[in-house]
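Engineer: Data: final_32.txt, compact mmCIF, C-alpha atoms.
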# COMPACT_ATOMS: atom_id res chain seq x y z
CA MET Z 1 -17.29 -50.36 10.38
CA LYS Z 2 -16.49 -51.03 14.05
CA ASP Z 3 -16.82 -54.80 13.52
CA ILE Z 4 -14.51 -54.63 10.50
CA MET Z 5 -11.83 -52.79 12.49
CA GLU Z 6 -12.09 -55.20 15.43
CA ILE Z 7 -11.69 -58.26 13.19
CA LYS Z 8 -8.83 -56.60 11.34
CA MET Z 9 -6.96 -56.00 14.59
CA ILE Z 10 -7.43 -59.59 15.71
CA LEU Z 11 -6.33 -61.14 12.42
CA THR Z 12 -3.41 -58.80 11.76
CA ASN Z 13 -2.05 -59.74 15.19
CA THR Z 14 -2.54 -63.46 14.49
CA THR Z 15 0.63 -65.28 13.44
CA GLU Z 16 0.68 -68.23 11.08
CA THR Z 17 1.56 -70.55 13.99
CA GLU Z 18 -1.35 -69.25 16.04
CA LEU Z 19 -3.74 -69.74 13.14
CA LEU Z 20 -2.64 -73.36 12.71
CA ASN Z 21 -3.50 -73.93 16.37
CA PHE Z 22 -7.03 -72.52 16.07
CA LYS Z 23 -9.67 -74.96 17.26
CA GLU Z 24 -11.77 -76.77 14.70
CA MET Z 25 -15.46 -75.92 14.30
CA LYS Z 26 -17.51 -78.87 15.60
CA ASP Z 27 -21.06 -77.53 15.80
CA ASN Z 28 -22.90 -78.76 12.69
CA SER Z 29 -25.39 -75.89 12.83
CA MET Z 30 -22.51 -73.39 12.74
CA ILE Z 31 -20.88 -75.24 9.83
CA THR Z 32 -24.19 -75.12 7.95
CA ALA Z 33 -24.48 -71.41 8.69
CA MET Z 34 -20.97 -70.85 7.32
CA LYS Z 35 -21.84 -72.68 4.10
CA PHE Z 36 -25.00 -70.61 3.74
CA LEU Z 37 -23.13 -67.33 4.34
CA GLN Z 38 -20.49 -68.31 1.78
CA ILE Z 39 -23.15 -68.82 -0.90
CA LEU Z 40 -24.86 -65.54 0.02
CA ALA Z 41 -21.52 -63.72 -0.18
CA LEU Z 42 -20.95 -64.96 -3.72
CA TYR Z 43 -24.35 -63.71 -4.87
CA ALA Z 44 -23.89 -60.43 -2.99
CA TYR Z 45 -20.64 -59.78 -4.82
CA LEU Z 46 -22.38 -60.21 -8.17
CA GLY Z 47 -25.64 -58.45 -7.39
CA LYS Z 48 -25.85 -56.62 -4.07
CA GLN Z 49 -22.39 -55.52 -3.00
CA GLN Z 50 -23.63 -53.31 -0.17
CA SER Z 51 -24.55 -56.53 1.71
CA LEU Z 52 -21.13 -58.12 1.20
CA PRO Z 53 -19.23 -56.61 4.20
CA SER Z 54 -21.92 -57.72 6.65
CA LEU Z 55 -21.86 -61.31 5.34
CA ILE Z 56 -18.05 -61.50 5.45
CA VAL Z 57 -17.98 -60.10 8.99
CA GLN Z 58 -20.53 -62.69 10.14
CA MET Z 59 -18.40 -65.52 8.70
CA LEU Z 60 -15.33 -64.33 10.58
CA GLN Z 61 -17.22 -63.71 13.81
CA LEU Z 62 -18.45 -67.32 13.72
CA THR Z 63 -14.91 -68.50 12.97
CA LEU Z 64 -13.40 -66.60 15.90
CA LEU Z 65 -16.14 -67.79 18.25
CA HIS Z 66 -16.62 -71.41 17.18
CA GLY Z 67 -13.41 -72.39 15.35
CA ILE Z 68 -12.24 -72.88 11.80
CA CYS Z 69 -13.88 -74.82 8.98
CA LYS Z 70 -13.39 -74.96 5.23
CA GLU Z 71 -15.54 -71.89 4.67
CA SER Z 72 -13.31 -69.90 7.05
CA CYS Z 73 -10.71 -69.80 4.23
CA PHE Z 74 -13.23 -68.08 1.99
CA GLY Z 75 -14.22 -65.68 4.76
CA MET Z 76 -10.62 -64.62 5.39
CA ALA Z 77 -9.82 -64.21 1.70
CA SER Z 78 -12.99 -62.14 1.25
CA PHE Z 79 -12.08 -59.99 4.25
CA SER Z 80 -8.63 -59.47 2.74
CA PHE Z 81 -10.33 -58.32 -0.48
CA LEU Z 82 -12.63 -56.04 1.52
CA LEU Z 83 -9.73 -54.25 3.25
CA CYS Z 84 -8.32 -53.16 -0.13
CA GLN Z 85 -11.39 -50.93 -0.43
CA PHE Z 86 -9.91 -48.93 2.49
CA ASP Z 87 -6.40 -48.99 0.95
CA ASP Z 88 -5.19 -51.11 3.88
CA PHE Z 89 -2.98 -53.24 1.65
CA LYS Z 90 -0.53 -54.44 4.30
CA ALA Z 91 -3.24 -55.88 6.54
CA ALA Z 92 -5.07 -57.25 3.50
CA ASP Z 93 -1.95 -59.11 2.37
CA HIS Z 94 -1.32 -60.62 5.81
CA ILE Z 95 -4.90 -61.85 6.17
CA GLY Z 96 -4.87 -63.11 2.58
CA ARG Z 97 -1.77 -65.19 3.30
CA LEU Z 98 -3.52 -66.59 6.36
CA SER Z 99 -6.44 -67.66 4.14
CA VAL Z 100 -4.08 -69.59 1.85
CA LEU Z 101 -2.43 -71.24 4.87
CA LEU Z 102 -5.82 -72.19 6.26
CA LEU Z 103 -6.83 -73.52 2.85
CA ASP Z 104 -4.02 -76.08 3.01
CA LYS Z 105 -4.69 -76.91 6.66
CA CYS Z 106 -8.39 -77.59 6.03
CA LYS Z 107 -7.67 -79.35 2.69
CA ALA Z 108 -10.45 -77.25 1.19
CA GLU Z 109 -9.51 -77.83 -2.44
CA GLU Z 110 -13.02 -76.97 -3.59
CA TYR Z 111 -12.38 -73.39 -2.44
CA ARG Z 112 -8.85 -73.02 -3.85
CA SER Z 113 -9.99 -71.26 -7.01
CA HIS Z 114 -12.09 -68.85 -4.91
CA ILE Z 115 -9.18 -68.07 -2.60
CA TYR Z 116 -6.72 -67.63 -5.45
CA LEU Z 117 -9.15 -65.35 -7.29
CA LEU Z 118 -9.57 -63.11 -4.25
CA TYR Z 119 -5.99 -63.12 -2.93
CA TYR Z 120 -3.77 -63.49 -5.99
CA GLY Z 121 -6.24 -61.79 -8.30
CA CYS Z 122 -7.34 -58.84 -6.17
CA VAL Z 123 -4.98 -58.34 -3.22
CA ARG Z 124 -1.44 -59.70 -3.49
CA ALA Z 125 -0.29 -57.49 -6.37
CA TYR Z 126 -0.77 -54.37 -4.23
CA ASN Z 127 2.29 -55.56 -2.28
CA VAL Z 128 4.40 -57.37 -4.90
CA HIS Z 129 4.81 -57.07 -8.67
CA ILE Z 130 1.85 -58.40 -10.66
CA VAL Z 131 4.19 -60.88 -12.40
CA GLN Z 132 4.53 -62.81 -9.14
CA CYS Z 133 0.78 -63.55 -9.15
CA ILE Z 134 0.39 -64.68 -12.78
CA ASP Z 135 1.31 -68.36 -12.27
CA LYS Z 136 -0.82 -68.60 -9.11
CA LEU Z 137 -3.82 -67.30 -11.04
CA LEU Z 138 -3.28 -69.83 -13.80
CA HIS Z 139 -3.07 -72.60 -11.19
CA GLY Z 140 -6.32 -71.37 -9.65
CA TYR Z 141 -7.93 -71.47 -13.08
CA HIS Z 142 -6.88 -75.11 -13.65
CA VAL Z 143 -8.07 -76.14 -10.18
CA GLY Z 144 -11.42 -74.47 -10.81
CA MET Z 145 -11.85 -76.35 -14.08
CA LEU Z 146 -10.86 -79.66 -12.47
CA THR Z 147 -13.20 -79.24 -9.50
CA GLY Z 148 -16.14 -78.17 -11.66
CA ASN Z 149 -16.07 -74.55 -10.50
CA ILE Z 150 -16.26 -73.35 -14.10
CA GLU Z 151 -17.71 -69.91 -13.44
CA ASN Z 152 -14.99 -69.03 -10.95
CA ALA Z 153 -12.29 -70.44 -13.23
CA MET Z 154 -13.46 -68.15 -16.03
CA PHE Z 155 -13.35 -65.12 -13.74
CA ILE Z 156 -9.75 -66.02 -12.90
CA ALA Z 157 -9.03 -66.29 -16.63
CA CYS Z 158 -10.31 -62.72 -17.08
CA ILE Z 159 -8.02 -61.37 -14.37
CA HIS Z 160 -5.09 -63.47 -15.62
CA GLN Z 161 -5.42 -62.06 -19.11
CA ALA Z 162 -5.87 -58.46 -17.95
CA ASN Z 163 -2.81 -58.71 -15.74
CA SER Z 164 -0.81 -60.41 -18.51
CA PHE Z 165 -1.58 -57.45 -20.75
CA LEU Z 166 -0.63 -54.92 -18.09
CA VAL Z 167 2.77 -56.51 -17.41
CA GLY Z 168 3.67 -56.40 -21.10
CA ARG Z 169 3.09 -59.94 -22.27
CA HIS Z 170 4.04 -60.51 -25.92
CA LEU Z 171 0.97 -59.56 -27.95
CA ALA Z 172 1.06 -62.64 -30.20
CA GLU Z 173 1.16 -64.99 -27.20
CA LEU Z 174 -1.52 -63.04 -25.39
CA LYS Z 175 -3.78 -62.96 -28.44
CA ALA Z 176 -3.53 -66.75 -28.79
CA GLU Z 177 -4.45 -67.20 -25.11
CA LEU Z 178 -7.34 -64.75 -25.37
CA ASP Z 179 -8.70 -66.63 -28.37
CA SER Z 180 -8.42 -69.93 -26.49
CA PHE Z 181 -10.09 -68.65 -23.32
CA GLY Z 182 -12.76 -66.91 -25.37
CA LYS Z 183 -13.71 -70.14 -27.15
CA LEU Z 184 -13.86 -72.00 -23.83
CA MET Z 185 -16.12 -69.35 -22.35
CA VAL Z 186 -18.52 -69.69 -25.27
CA GLU Z 187 -18.32 -73.50 -25.09
CA TYR Z 188 -19.18 -73.50 -21.37
CA LYS Z 189 -21.80 -70.78 -21.87
CA GLN Z 190 -19.92 -68.36 -19.61
CA MET Z 191 -20.97 -65.22 -21.46
CA PHE Z 192 -20.68 -63.12 -18.30
CA ALA Z 193 -16.93 -63.72 -18.35
CA ARG Z 194 -16.78 -63.64 -22.16
CA ASN Z 195 -18.10 -60.08 -22.26
CA ARG Z 196 -15.55 -59.02 -19.66
CA ILE Z 197 -12.59 -60.36 -21.58
CA ARG Z 198 -13.72 -59.03 -24.96
CA PRO Z 199 -12.49 -55.42 -24.53
CA ILE Z 200 -8.98 -56.71 -23.75
CA GLU Z 201 -9.13 -58.99 -26.78
CA LEU Z 202 -10.12 -56.10 -29.06
CA VAL Z 203 -7.34 -53.85 -27.73
CA VAL Z 204 -4.71 -56.57 -28.15
CA SER Z 205 -5.91 -57.20 -31.69
CA ASN Z 206 -5.84 -53.47 -32.45
CA LEU Z 207 -2.30 -53.07 -31.10
CA SER Z 208 -1.16 -56.10 -33.08
CA ILE Z 209 -2.40 -54.53 -36.32
CA SER Z 210 -0.84 -51.13 -35.47
CA ASN Z 211 -2.80 -49.22 -38.11
CA ASP Z 212 -3.38 -45.49 -38.36
CA CYS Z 213 -6.87 -45.62 -36.83
CA PRO Z 214 -6.34 -46.55 -33.17
CA SER Z 215 -9.74 -45.50 -31.86
CA LEU Z 216 -11.72 -48.40 -30.42
CA ILE Z 217 -14.62 -46.13 -29.45
CA GLY Z 218 -15.94 -44.90 -32.75
CA ALA Z 219 -16.77 -45.87 -36.29
CA GLN Z 220 -13.50 -47.78 -36.66
CA ASN Z 221 -14.67 -50.54 -34.35
CA THR Z 222 -18.38 -51.23 -34.38
CA GLU Z 223 -17.99 -54.28 -32.11
CA MET Z 224 -16.57 -52.19 -29.27
CA GLU Z 225 -19.33 -49.65 -29.81
CA ASP Z 226 -21.94 -52.41 -29.71
CA LEU Z 227 -20.39 -53.87 -26.56
CA LEU Z 228 -20.47 -50.45 -24.91
CA GLU Z 229 -24.08 -49.87 -25.97
CA GLN Z 230 -25.15 -53.27 -24.63
CA ALA Z 231 -23.33 -52.74 -21.32
CA THR Z 232 -24.94 -49.30 -20.97
CA LYS Z 233 -28.43 -50.72 -21.57
CA GLU Z 234 -27.79 -53.45 -18.97
CA ASN Z 235 -26.15 -50.97 -16.59
CA ASP Z 236 -23.11 -53.25 -16.44
CA THR Z 237 -20.72 -50.72 -14.94
CA PHE Z 238 -17.81 -53.17 -14.81
CA ILE Z 239 -17.77 -53.74 -18.56
CA ILE Z 240 -18.29 -50.04 -19.26
CA CYS Z 241 -15.24 -49.20 -17.13
CA GLN Z 242 -13.29 -52.10 -18.67
CA ILE Z 243 -13.93 -50.66 -22.15
CA TYR Z 244 -12.85 -47.17 -21.11
CA ILE Z 245 -9.76 -48.39 -19.21
CA PHE Z 246 -8.30 -50.49 -22.00
CA GLY Z 247 -9.55 -48.12 -24.68
CA CYS Z 248 -7.71 -45.30 -22.88
CA ILE Z 249 -4.47 -47.31 -22.82
CA ASP Z 250 -4.89 -48.07 -26.51
CA ALA Z 251 -5.50 -44.41 -27.36
CA TYR Z 252 -2.55 -43.26 -25.25
CA ILE Z 253 -0.15 -45.68 -26.93
CA PHE Z 254 -1.18 -44.30 -30.33
CA GLY Z 255 -0.87 -40.68 -29.16
CA GLU Z 256 -4.61 -39.97 -29.20
CA TYR Z 257 -4.46 -37.99 -25.96
CA GLU Z 258 -7.75 -36.11 -26.30
CA LEU Z 259 -9.58 -39.37 -26.92
CA ALA Z 260 -7.82 -40.96 -23.94
CA SER Z 261 -8.77 -38.00 -21.74
CA SER Z 262 -12.40 -38.24 -22.85
CA MET Z 263 -12.49 -41.92 -21.92
CA ILE Z 264 -11.08 -41.14 -18.47
CA GLU Z 265 -13.79 -38.54 -17.86
CA LYS Z 266 -16.54 -40.93 -18.94
CA ARG Z 267 -15.12 -43.71 -16.79
CA GLN Z 268 -14.94 -41.46 -13.76
CA GLU Z 269 -18.60 -40.55 -14.20
CA VAL Z 270 -19.54 -44.25 -14.21
CA GLU Z 271 -17.36 -44.90 -11.15
CA LYS Z 272 -19.48 -42.46 -9.13
CA THR Z 273 -22.29 -45.04 -9.28
CA MET Z 274 -20.07 -47.96 -8.22
CA SER Z 275 -19.31 -49.19 -4.70
CA ARG Z 276 -15.76 -50.08 -5.74
CA SER Z 277 -13.75 -48.71 -8.66
CA ILE Z 278 -11.42 -50.79 -10.85
CA ARG Z 279 -7.78 -49.85 -10.22
CA TYR Z 280 -5.71 -52.77 -11.54
CA PHE Z 281 -3.16 -52.30 -8.75
CA GLY Z 282 -2.41 -48.68 -9.62
CA MET Z 283 -2.17 -49.18 -13.40
CA VAL Z 284 -5.36 -47.18 -14.01
CA ASP Z 285 -4.00 -44.30 -11.93
CA LEU Z 286 -0.70 -44.50 -13.82
CA TYR Z 287 -2.34 -44.09 -17.23
CA ASP Z 288 -4.64 -41.38 -15.89
CA GLY Z 289 -1.52 -39.48 -14.85
CA LEU Z 290 0.28 -40.10 -18.14
CA VAL Z 291 -2.70 -38.80 -20.12
CA PHE Z 292 -2.92 -35.75 -17.85
CA LEU Z 293 0.75 -34.96 -18.49
CA ALA Z 294 0.62 -35.61 -22.26
I need this file expressed as C-alpha cells, please.
Structural biologist:
Amino acid sequence: MKDIMEIKMILTNTTETELLNFKEMKDNSMITAMKFLQILALYAYLGKQQSLPSLIVQMLQLTLLHGICKESCFGMASFSFLLCQFDDFKAADHIGRLSVLLLDKCKAEEYRSHIYLLYYGCVRAYNVHIVQCIDKLLHGYHVGMLTGNIENAMFIACIHQANSFLVGRHLAELKAELDSFGKLMVEYKQMFARNRIRPIELVVSNLSISNDCPSLIGAQNTEMEDLLEQATKENDTFIICQIYIFGCIDAYIFGEYELASSMIEKRQEVEKTMSRSIRYFGMVDLYDGLVFLA
C-alpha cells in the first residue's frame, strides 16, 4: 500500500510536459523485465488478481528508475485502473491521461487497445459522461482487430456494448451490434467474451419484445438460467454478477421490484468473494437505490 501511495504522489504531481521529457529506457535487461511483467499482469488480471497490484507497482518503479519504454504506457494505464479500486478517481484520470500521452510518444500502437480498454473502458467515465468514451472504445476495438490483439478487442466490445446500453442506445441499433459482435466472437473462438456479452444481449432482446413476462431468471428464459448455472459451476463471478446486474435493470423497468431486489441480494453475496465489484460508473448503485425506493 505504501508503494502505491508513493507512486500515486509522484505521478499525480507529474505534468504532461514533464512526462514528455522523461528519459528513455536504454537497458535491454530492464526492457525485457518490463515486457515480462506486462504479460504477467495480463494473466494476473484474468486469474490471480491479488498479484496484480504488485506487478503494476514493479513496472512503474522500473519506469521511474530507468526511464520510459512502450510497456510503461501499459503500467500507467493499469495503475490508473488500480486507483479506481480506492475510489481515487481524480488521480486515476490524471494518470490515465498520462498513459495515453505516453502511448503516442512511444508509438506503442500494439498497446493502444490495452490502454483504451483500461482508461476509456474502466476509468475515464468516472470523471466524464460515459457517452464521451464510446467512440474511443470503438476505436480501441478496431485497433485491436487490426493489430491481431483479438482477445483484447473482444473485451473492449463487451464494455462498449454494456456502456451503450446504459446510456440509452436505441434498442434496435444495439441489438444489431450485439448480434454482429456475438457472431465475430464465435468466429474467432472468443467464448470468454461471448459469455460476458450474452446477458446484455438477452436483456436487450427481452426489452425489445416488451411482453408481459419480463423475468430473465426463471422459467421464461431457460438460456439465462443455463448461463447462470454454468457460471455458478465454473465459479465465474463476473458473469454471475453481469446476469444479476442486467437482470435487475430489466426487472425494474417492468415493475418487478421484488425480483429486482432478490437479484441485488444475490449479487451482493457473490461480490463478497470478489476482489473488485462491478459498478459500471455508478449505474449499479443507481439501480440499487431505485429498487430500494420502489
Engineer: If you count all atoms listed in the file, which residues fall within 8 Å of region 75-91 of chain Z, apart from same-chain ones fewer than 5 positions away, as a ChimeraX atom specification?
Structural biologist: /Z:8,12,38,53,56-57,59-60,96,98-100,115,118-119,122-123,126-127,276
Engineer: With all atoms listed in the file as the atoms that count, which of Z:Ile10, Z:Val131, Z:Cys73, Z:Met263 lies nearest to Lys107 (chain Z)?
Structural biologist: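 So, comparing all the options, the nearest one is Z:Cys73.
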Engineer: Hey, which of Z:Glu18, Z:Glu258, Z:Asp236, Z:Glu71 ends up closest to Lys35 (chain Z)? Count all atoms listed in the file.
Structural biologist: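 Among the listed residues, the smallest separation from Lys35 (chain Z) belongs to Z:Glu71.
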Engineer: Could you state the separation of CA of Phe246 (chain Z) and CA of Val128 (chain Z) in Å, given to one decimal place?
Structural biologist: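 CA of Phe246 (chain Z) sits 22.4 Å away from CA of Val128 (chain Z).
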Engineer: Can you pull out the residues contacting region 191-203 of chain Z? Cut-off 10 Å, using all atoms listed in the file, and skip same-chain residues under 4 positions away; I want them as a PyMOL selection string.
Structural biologist: chain Z and resi 151-159+161-162+165+174-179+181-187+207-209+214-216+221+223-224+227-228+231+238-240+242-251
Engineer: Give me, please, the distance in Å between CA of Glu225 (chain Z) and CA of Phe254 (chain Z), quoted to one decimal.
Structural biologist: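 Atom-to-atom, CA of Glu225 (chain Z) and CA of Phe254 (chain Z) are spaced 18.9 Å apart.
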Engineer: Nearest to Met34 (chain Z): which of Z:Leu20, Z:Ala108, Z:Phe74, Z:Gly121 is it, counting all atoms listed in the file?
Structural biologist: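 For Met34 (chain Z), the nearest of the given residues is Z:Phe74.
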Engineer: Give me, please, the distance in Å between CA of Gly282 (chain Z) and CA of Ile130 (chain Z), quoted to one decimal.
Structural biologist: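 Computing the Euclidean distance for CA of Gly282 (chain Z) and CA of Ile130 (chain Z) yields 10.7 Å.
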Engineer: With all atoms listed in the file as the basis for distance, which of Z:Ile68, Z:Ile4, Z:Ile150, Z:Leu52 is at the shortest distance from Leu102 (chain Z)?
Structural biologist: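 So, comparing all the options, the nearest one is Z:Ile68.
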